[in-house]
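J.: So that you have it, the file is upload_5.cif, and it contains mmCIF, C-alpha atoms:
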```
data_final
loop_
_atom_site.label_atom_id
_atom_site.label_comp_id
_atom_site.auth_asym_id
_atom_site.auth_seq_id
_atom_site.Cartn_x
_atom_site.Cartn_y
_atom_site.Cartn_z
CA MET Y 9 0.70 -4.68 18.93
CA THR Y 10 1.92 -3.11 22.16
CA ASP Y 11 3.89 0.09 22.56
CA LYS Y 12 5.27 1.15 25.95
CA SER Y 13 6.65 4.45 27.24
CA PRO Y 14 7.42 5.61 30.80
CA HIS Y 15 3.86 6.90 31.23
CA LEU Y 16 1.74 4.81 28.87
CA THR Y 17 1.21 1.38 27.39
CA VAL Y 18 -0.67 1.41 24.09
CA ILE Y 19 -2.28 -1.83 22.98
CA GLU Y 20 -3.73 -1.97 19.48
CA GLN Y 21 -6.57 -4.41 19.24
CA ASP Y 22 -9.43 -4.64 16.73
CA SER Y 23 -8.42 -1.24 15.31
CA VAL Y 24 -8.78 0.38 18.76
CA ASN Y 25 -5.80 1.96 20.51
CA MET Y 26 -6.23 1.18 24.18
CA VAL Y 27 -4.03 3.25 26.49
CA GLN Y 28 -3.14 2.13 30.00
CA PHE Y 29 -1.48 4.56 32.37
CA SER Y 30 1.67 3.56 34.21
CA ASP Y 31 1.25 6.33 36.79
CA ARG Y 32 -1.05 5.68 39.71
CA LYS Y 33 -1.27 9.44 40.27
CA ILE Y 34 -1.86 11.79 37.35
CA LEU Y 35 -1.34 14.96 39.33
CA GLU Y 36 1.82 16.77 38.43
CA GLU Y 37 2.05 19.24 35.61
CA LEU Y 38 5.27 17.91 34.14
CA SER Y 39 4.09 14.34 33.85
CA ILE Y 40 0.68 15.52 32.62
CA ARG Y 41 2.41 17.50 29.87
CA GLU Y 42 4.46 14.46 28.89
CA ILE Y 43 1.35 12.28 28.82
CA GLU Y 44 -0.43 14.90 26.73
CA ASP Y 45 2.48 15.03 24.26
CA GLU Y 46 2.48 11.24 23.89
CA LEU Y 47 -1.28 11.04 23.42
CA PHE Y 48 -1.32 13.92 20.92
CA ALA Y 49 1.47 12.20 18.95
CA LEU Y 50 -0.59 9.00 18.91
CA VAL Y 51 -3.65 10.89 17.65
CA SER Y 52 -1.73 12.67 14.91
CA SER Y 53 -0.09 9.44 13.71
CA THR Y 54 -3.34 7.43 13.62
CA PRO Y 55 -5.96 8.67 11.14
CA ALA Y 56 -9.50 8.72 12.61
CA ILE Y 57 -8.20 7.12 15.78
CA LYS Y 58 -10.39 4.99 18.02
CA LEU Y 59 -8.84 5.83 21.36
CA LEU Y 60 -9.72 4.15 24.64
CA LEU Y 61 -8.16 5.40 27.87
CA ASN Y 62 -8.20 2.65 30.49
CA PHE Y 63 -7.87 4.14 34.00
CA SER Y 64 -7.68 0.83 35.87
CA ASN Y 65 -4.27 1.69 37.27
CA VAL Y 66 -5.07 5.29 38.23
CA GLU Y 67 -5.81 6.21 41.84
CA HIS Y 68 -5.48 10.00 41.73
CA LEU Y 69 -6.28 12.70 39.22
CA SER Y 70 -5.89 16.48 39.47
CA SER Y 71 -7.82 19.25 37.74
CA ALA Y 72 -4.78 19.73 35.48
CA ALA Y 73 -5.23 16.12 34.31
CA LEU Y 74 -8.90 16.84 33.60
CA GLY Y 75 -7.78 19.80 31.49
CA MET Y 76 -5.44 17.54 29.56
CA LEU Y 77 -8.30 15.12 28.85
CA ILE Y 78 -10.47 17.97 27.56
CA ASN Y 79 -7.69 19.12 25.22
CA LEU Y 80 -7.21 15.54 24.07
CA GLN Y 81 -10.88 15.14 23.29
CA LYS Y 82 -10.79 18.29 21.13
CA GLU Y 83 -7.74 16.95 19.31
CA VAL Y 84 -9.39 13.57 18.71
CA LYS Y 85 -12.59 15.18 17.43
CA GLY Y 86 -10.56 17.47 15.16
CA ALA Y 87 -8.90 14.37 13.70
CA LYS Y 88 -12.33 12.78 13.18
CA GLY Y 89 -11.55 10.12 15.76
CA LYS Y 90 -13.39 8.82 18.79
CA LEU Y 91 -12.39 8.91 22.46
CA LYS Y 92 -13.80 6.76 25.24
CA LEU Y 93 -12.77 6.28 28.86
CA SER Y 94 -13.12 3.14 30.97
CA ASN Y 95 -12.25 1.42 34.26
CA ILE Y 96 -12.43 4.62 36.30
CA ASN Y 97 -12.47 3.85 40.02
CA PRO Y 98 -15.41 5.19 42.08
CA GLN Y 99 -13.36 7.94 43.78
CA ILE Y 100 -12.13 9.32 40.47
CA TYR Y 101 -15.52 8.89 38.82
CA GLU Y 102 -16.85 11.15 41.59
CA VAL Y 103 -14.39 13.84 40.41
CA PHE Y 104 -15.84 13.52 36.89
CA LYS Y 105 -19.37 13.77 38.31
CA ILE Y 106 -18.67 16.80 40.51
CA THR Y 107 -17.12 18.68 37.60
CA ARG Y 108 -19.88 17.38 35.30
CA LEU Y 109 -17.25 16.08 32.94
CA SER Y 110 -19.05 12.75 33.08
CA LYS Y 111 -21.38 14.44 30.57
CA LEU Y 112 -18.56 15.57 28.32
CA PHE Y 113 -16.82 12.18 28.06
CA GLU Y 114 -18.15 8.80 27.05
CA ILE Y 115 -17.32 6.67 30.07
CA HIS Y 116 -17.72 2.90 30.28
CA GLU Y 117 -17.37 0.71 33.30
CA LYS Y 118 -15.19 -1.91 31.58
CA SER Y 119 -12.83 -1.67 28.63
CA ALA Y 120 -14.65 -4.53 26.85
CA ASP Y 121 -17.90 -2.48 26.91
CA ALA Y 122 -16.07 0.52 25.46
CA MET Y 123 -14.34 -1.59 22.79
CA SER Y 124 -17.67 -2.93 21.56
CA LYS Y 125 -19.13 0.60 21.25
CA PHE Y 126 -16.62 2.05 18.75
CA MET I 14 15.22 23.76 50.32
CA THR I 15 14.26 26.57 52.62
CA ALA I 16 11.58 24.78 54.49
CA SER I 17 11.54 25.31 58.21
CA ASP I 18 11.47 22.21 60.36
CA PRO I 19 7.81 21.28 60.61
CA HIS I 20 8.48 18.98 63.51
CA ASN I 21 9.40 21.90 65.71
CA ALA I 22 5.91 23.20 66.20
CA ASP I 23 5.91 26.93 66.81
CA SER I 24 4.06 27.88 69.97
CA ARG I 25 2.98 31.14 68.29
CA ASN I 26 0.87 28.98 66.02
CA ALA I 27 -1.13 27.41 68.82
CA ASP I 28 -4.72 27.67 67.77
CA PRO I 29 -7.30 29.24 70.09
CA HIS I 30 -10.10 27.17 68.52
CA LYS I 31 -8.65 23.85 69.68
CA GLU I 32 -7.57 22.87 66.22
CA GLY I 33 -4.32 21.48 67.57
CA THR I 34 -0.90 23.01 67.33
CA PHE I 35 0.00 24.16 63.88
CA LYS I 36 3.18 23.14 62.16
CA VAL I 37 4.59 25.53 59.63
CA ILE I 38 6.56 24.89 56.49
CA GLU I 39 7.69 27.51 54.02
CA ILE I 40 8.85 26.52 50.55
CA GLN I 41 10.15 28.21 47.42
CA SER I 42 7.31 28.61 44.98
CA THR I 43 7.91 25.68 42.61
CA LEU I 44 5.78 22.63 41.91
CA SER I 45 8.61 20.30 42.89
CA GLU I 46 9.03 22.00 46.30
CA ALA I 47 5.26 21.85 46.73
CA LYS I 48 5.56 18.09 47.14
CA LEU I 49 7.28 18.45 50.53
CA PRO I 50 4.34 19.78 52.57
CA GLU I 51 2.07 17.32 50.76
CA LYS I 52 4.32 14.45 51.81
CA LEU I 53 4.56 15.58 55.44
CA ILE I 54 0.84 16.21 55.83
CA LEU I 55 -0.13 12.91 54.23
CA GLU I 56 2.28 11.03 56.48
CA GLU I 57 0.52 12.50 59.52
CA ILE I 58 -2.91 11.74 58.11
CA GLU I 59 -1.97 8.11 57.47
CA SER I 60 -1.07 7.67 61.13
CA SER I 61 -4.15 9.54 62.45
CA GLY I 62 -6.94 7.14 61.53
CA TYR I 63 -8.44 8.72 58.40
CA ASP I 64 -10.23 6.45 55.95
CA GLU I 65 -9.40 6.06 52.28
CA ASP I 66 -12.03 8.53 51.05
CA SER I 67 -10.91 11.26 53.46
CA THR I 68 -7.28 10.73 52.52
CA PHE I 69 -8.20 10.95 48.83
CA ALA I 70 -10.11 14.19 49.49
CA ILE I 71 -7.30 15.83 51.46
CA LYS I 72 -4.68 14.79 48.93
CA LEU I 73 -6.73 16.20 46.05
CA ALA I 74 -7.53 19.48 47.82
CA LEU I 75 -3.93 19.97 48.92
CA GLU I 76 -2.61 19.28 45.42
CA GLU I 77 -5.03 21.84 43.97
CA ALA I 78 -4.29 24.45 46.65
CA MET I 79 -0.52 24.10 46.22
CA THR I 80 -0.78 24.28 42.44
CA ASN I 81 -2.98 27.38 42.69
CA ALA I 82 -0.54 29.05 45.10
CA VAL I 83 2.50 28.36 42.92
CA ARG I 84 0.96 28.86 39.49
CA HIS I 85 -1.76 31.48 39.99
CA GLY I 86 -0.93 33.15 43.33
CA ASN I 87 2.81 33.51 42.90
CA CYS I 88 2.54 33.39 39.08
CA GLY I 89 5.33 30.81 38.82
CA ASP I 90 7.86 33.17 40.42
CA ALA I 91 10.27 30.76 42.17
CA GLU I 92 11.69 33.64 44.24
CA LYS I 93 8.38 33.90 46.08
CA LYS I 94 7.37 31.65 48.94
CA VAL I 95 4.41 29.49 49.81
CA ARG I 96 3.68 29.13 53.52
CA VAL I 97 1.74 26.09 54.70
CA ARG I 98 0.35 25.80 58.23
CA TYR I 99 -1.29 22.57 59.22
CA ALA I 100 -2.70 20.79 62.22
CA VAL I 101 -3.63 17.13 62.07
CA THR I 102 -5.65 15.63 64.91
CA PRO I 103 -7.71 12.43 64.92
CA GLU I 104 -10.83 14.65 64.68
CA LYS I 105 -9.89 16.97 61.82
CA VAL I 106 -7.22 18.26 59.52
CA VAL I 107 -6.77 22.01 59.12
CA ILE I 108 -4.52 23.26 56.32
CA CYS I 109 -3.76 26.88 55.45
CA VAL I 110 -1.83 27.66 52.26
CA ARG I 111 -0.64 31.21 51.73
CA ASP I 112 1.07 32.69 48.70
CA GLU I 113 2.72 36.06 48.12
CA GLY I 114 0.65 37.07 45.11
CA CYS I 115 -1.86 39.88 44.57
CA GLY I 116 -4.79 37.89 45.92
CA PHE I 117 -8.10 37.37 44.18
CA CYS I 118 -11.81 37.34 44.83
CA PRO I 119 -13.00 33.71 44.91
CA ASP I 120 -16.60 34.80 44.25
CA GLU I 121 -15.52 36.10 40.86
CA ILE I 122 -14.27 32.70 39.68
CA PRO I 123 -16.79 31.52 37.09
CA ASP I 124 -18.65 28.24 37.48
CA PRO I 125 -16.69 25.62 35.50
CA THR I 126 -19.79 23.42 35.21
CA HIS I 127 -21.72 26.08 33.26
CA PRO I 128 -22.46 24.63 29.81
CA GLU I 129 -20.47 27.40 28.13
CA ARG I 130 -17.43 26.66 30.28
CA LEU I 131 -17.66 22.89 30.53
CA SER I 132 -15.25 22.27 27.68
CA LEU I 133 -12.61 24.72 28.91
CA PRO I 134 -9.48 22.93 30.15
CA CYS I 135 -8.96 24.97 33.33
CA GLY I 136 -10.75 26.49 36.32
CA ARG I 137 -11.80 23.41 38.30
CA GLY I 138 -9.30 23.43 41.18
CA ILE I 139 -11.27 25.62 43.59
CA MET I 140 -14.47 23.78 42.82
CA LEU I 141 -12.86 20.45 43.68
CA ILE I 142 -11.44 21.85 46.93
CA ARG I 143 -14.90 23.09 47.93
CA ALA I 144 -16.46 19.74 47.01
CA TYR I 145 -14.01 17.61 48.95
CA MET I 146 -13.31 19.64 52.10
CA ASN I 147 -15.83 20.37 54.88
CA GLU I 148 -14.84 24.02 55.31
CA VAL I 149 -13.10 26.31 52.86
CA GLU I 150 -12.36 29.93 53.59
CA TYR I 151 -10.27 32.54 51.81
CA ARG I 152 -8.32 35.04 53.86
CA GLU I 153 -5.83 37.82 53.24
CA GLU I 154 -7.74 39.02 50.17
CA GLY I 155 -7.47 35.59 48.60
CA ARG I 156 -3.79 35.03 49.30
CA GLU I 157 -4.56 32.36 51.89
CA ILE I 158 -6.91 29.42 51.73
CA ARG I 159 -7.94 27.65 54.93
CA MET I 160 -9.35 24.17 54.46
CA VAL I 161 -10.79 21.76 57.02
CA LYS I 162 -11.53 18.07 56.65
CA ARG I 163 -13.31 16.41 59.54
CA ASN I 164 -12.73 12.74 60.23
CA PRO I 165 -16.10 11.04 59.56
CA ALA I 166 -15.13 8.23 61.95
CA LYS I 167 -14.92 10.75 64.81
CA SER I 168 -17.97 12.90 64.13
CA GLY I 169 -21.22 12.09 65.76
#
```
Output the file's structure as structure tokens, nothing else.

T.:
Amino acid sequence: MTDKSPHLTVIEQDSVNMVQFSDRKILEELSIREIEDELFALVSSTPAIKLLLNFSNVEHLSSAALGMLINLQKEVKGAKGKLKLSNINPQIYEVFKITRLSKLFEIHEKSADAMSKF
Amino acid sequence: MTASDPHNADSRNADPHKEGTFKVIEIQSTLSEAKLPEKLILEEIESSGYDEDSTFAIKLALEEAMTNAVRHGNCGDAEKKVRVRYAVTPEKVVICVRDEGCGFCPDEIPDPTHPERLSLPCGRGIMLIRAYMNEVEYREEGREIRMVKRNPAKSG
């Protein structure tokens, strides 16, 4: 099943909700807030969600987007779900490394690796 | 839009340290207006021979500096201004972003990578600017940030 909004495409496969971002740049506060609202709604409507964020389309990420991901992870944990990230390009992965958020999130190189680890 | 014409470089902004002639743009303090200097600076960078990694770095640092100026410096007050001075040469990019806020002491910003702060959703902008730019300096009691990115293709 596939669900599409202006910011996100959600593909449900093998009980995992895989999210792909439509935006190449997740920088601006307004769009980050909209993405956060959509992801929070998905978490609250899916008990014990298995959520995979696929960043294959994303070329830029701001610190505000990192903050949104941290809030999302708290929400997912609170709902007894699991969150994994995948397909992060080397430049953006460097941002995760510098901020040490690579330790906070479970990051996989490919979405298939992440899917098999839920 | 209250931005001054950045293409009319102001001779008063000529830099004594051979950083090129600065262009100046002043915007109302909103995140949508903040896109204008970003767009102009990135256009110049694209035509000045900077590689993909340098462009990524400058874009990220500029985004964070503009957001900090609008949100934290000017506290979201759209009546205030943000003044951006920039000089793009093939050797380096110098960008100064000044707000009209109360200023701050950058040394007092806590380390966002500390284990106790790692899961907090904010406080990483300045750290990313420092990580991605070659020089970062705060002036005017924290109201202005001056950032420099050198072109790796032009440095010995």

J.: Quick one: which residues end up in the PyMOL selection byres ((chain I) within 10 of (chain Y)) for this structure, as a PDB file with C-alpha atoms, in the frame of the given file?

T.:
```pdb
ATOM      1  CA  LEU I  44       5.780  22.630  41.910  1.00  0.00           C
ATOM      2  CA  SER I  45       8.610  20.300  42.890  1.00  0.00           C
ATOM      3  CA  LYS I  48       5.560  18.090  47.140  1.00  0.00           C
ATOM      4  CA  GLU I  65      -9.400   6.060  52.280  1.00  0.00           C
ATOM      5  CA  ASP I  66     -12.030   8.530  51.050  1.00  0.00           C
ATOM      6  CA  PHE I  69      -8.200  10.950  48.830  1.00  0.00           C
ATOM      7  CA  ALA I  70     -10.110  14.190  49.490  1.00  0.00           C
ATOM      8  CA  LYS I  72      -4.680  14.790  48.930  1.00  0.00           C
ATOM      9  CA  LEU I  73      -6.730  16.200  46.050  1.00  0.00           C
ATOM     10  CA  ALA I  74      -7.530  19.480  47.820  1.00  0.00           C
ATOM     11  CA  GLU I  76      -2.610  19.280  45.420  1.00  0.00           C
ATOM     12  CA  GLU I  77      -5.030  21.840  43.970  1.00  0.00           C
ATOM     13  CA  THR I  80      -0.780  24.280  42.440  1.00  0.00           C
ATOM     14  CA  ASP I 124     -18.650  28.240  37.480  1.00  0.00           C
ATOM     15  CA  PRO I 125     -16.690  25.620  35.500  1.00  0.00           C
ATOM     16  CA  THR I 126     -19.790  23.420  35.210  1.00  0.00           C
ATOM     17  CA  HIS I 127     -21.720  26.080  33.260  1.00  0.00           C
ATOM     18  CA  PRO I 128     -22.460  24.630  29.810  1.00  0.00           C
ATOM     19  CA  LEU I 131     -17.660  22.890  30.530  1.00  0.00           C
ATOM     20  CA  SER I 132     -15.250  22.270  27.680  1.00  0.00           C
ATOM     21  CA  LEU I 133     -12.610  24.720  28.910  1.00  0.00           C
ATOM     22  CA  PRO I 134      -9.480  22.930  30.150  1.00  0.00           C
ATOM     23  CA  CYS I 135      -8.960  24.970  33.330  1.00  0.00           C
ATOM     24  CA  GLY I 136     -10.750  26.490  36.320  1.00  0.00           C
ATOM     25  CA  ARG I 137     -11.800  23.410  38.300  1.00  0.00           C
ATOM     26  CA  GLY I 138      -9.300  23.430  41.180  1.00  0.00           C
ATOM     27  CA  ILE I 139     -11.270  25.620  43.590  1.00  0.00           C
ATOM     28  CA  MET I 140     -14.470  23.780  42.820  1.00  0.00           C
ATOM     29  CA  LEU I 141     -12.860  20.450  43.680  1.00  0.00           C
ATOM     30  CA  ALA I 144     -16.460  19.740  47.010  1.00  0.00           C
ATOM     31  CA  TYR I 145     -14.010  17.610  48.950  1.00  0.00           C
TER      32      TYR I 145
END
```

J.: What's the separation between CA of Gly114 in chain I and CA of His85 in chain I, in Å to one decimal place?

T.: 8.0 Å

J.: When you count only C-alpha atoms, which of these residues is closest to Lys58 in chain Y: Y:Val24, Y:Val84, Y:Ile34, Y:Ala120?

T.: Y:Val24

J.: Using Å and a single decimal, report how far CA of Leu75 in chain I sits from CA of Ala100 in chain I.

T.: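 CA of Leu75 in chain I lies at a distance of 13.4 Å from CA of Ala100 in chain I.
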
J.: Could you tell me how far CA of Glu102 in chain Y lies from CA of Arg111 in chain I, in Å and to one decimal?

T.: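 So the answer is 27.7 Å.
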
J.: Please write as a ChimeraX atom specification the full residue list that the PyMOL selection byres ((chain Y and resi 96) around 8) yields on this file.

T.: /Y:62-64,66,93-95,97-98,100-101,117

J.: What's the 10 Å shell around Glu51 in chain I, counting only C-alpha atoms, without same-chain residues fewer than 2 positions away, as a list in words?

T.: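 Within the cut-off, the hits are Glu46, Ala47, Lys48, Leu49, Leu53, Ile54, Leu55, Glu56, Ile71, Lys72, Leu75, Glu76, Met79 and Val97 of chain I.
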
J.: For Lys167 in chain I, which residue out of I:Pro119, I:Val83, I:Val95, I:Gly62 is the nearest one, using all atoms listed in the file?

T.: I:Gly62

J.: Hey, what's within 6 Å of Cys109 in chain I if we count all atoms listed in the file and toss same-chain stuff fewer than 2 positions away? As a PDB file with C-alpha atoms, in the coordinates of the input, please?

T.:
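The result, written out as result_36.pdb:
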```
ATOM      1  CA  VAL I  97       1.740  26.090  54.700  1.00  0.00           C
ATOM      2  CA  ARG I  98       0.350  25.800  58.230  1.00  0.00           C
ATOM      3  CA  ILE I 158      -6.910  29.420  51.730  1.00  0.00           C
ATOM      4  CA  ARG I 159      -7.940  27.650  54.930  1.00  0.00           C
TER       5      ARG I 159
END
```
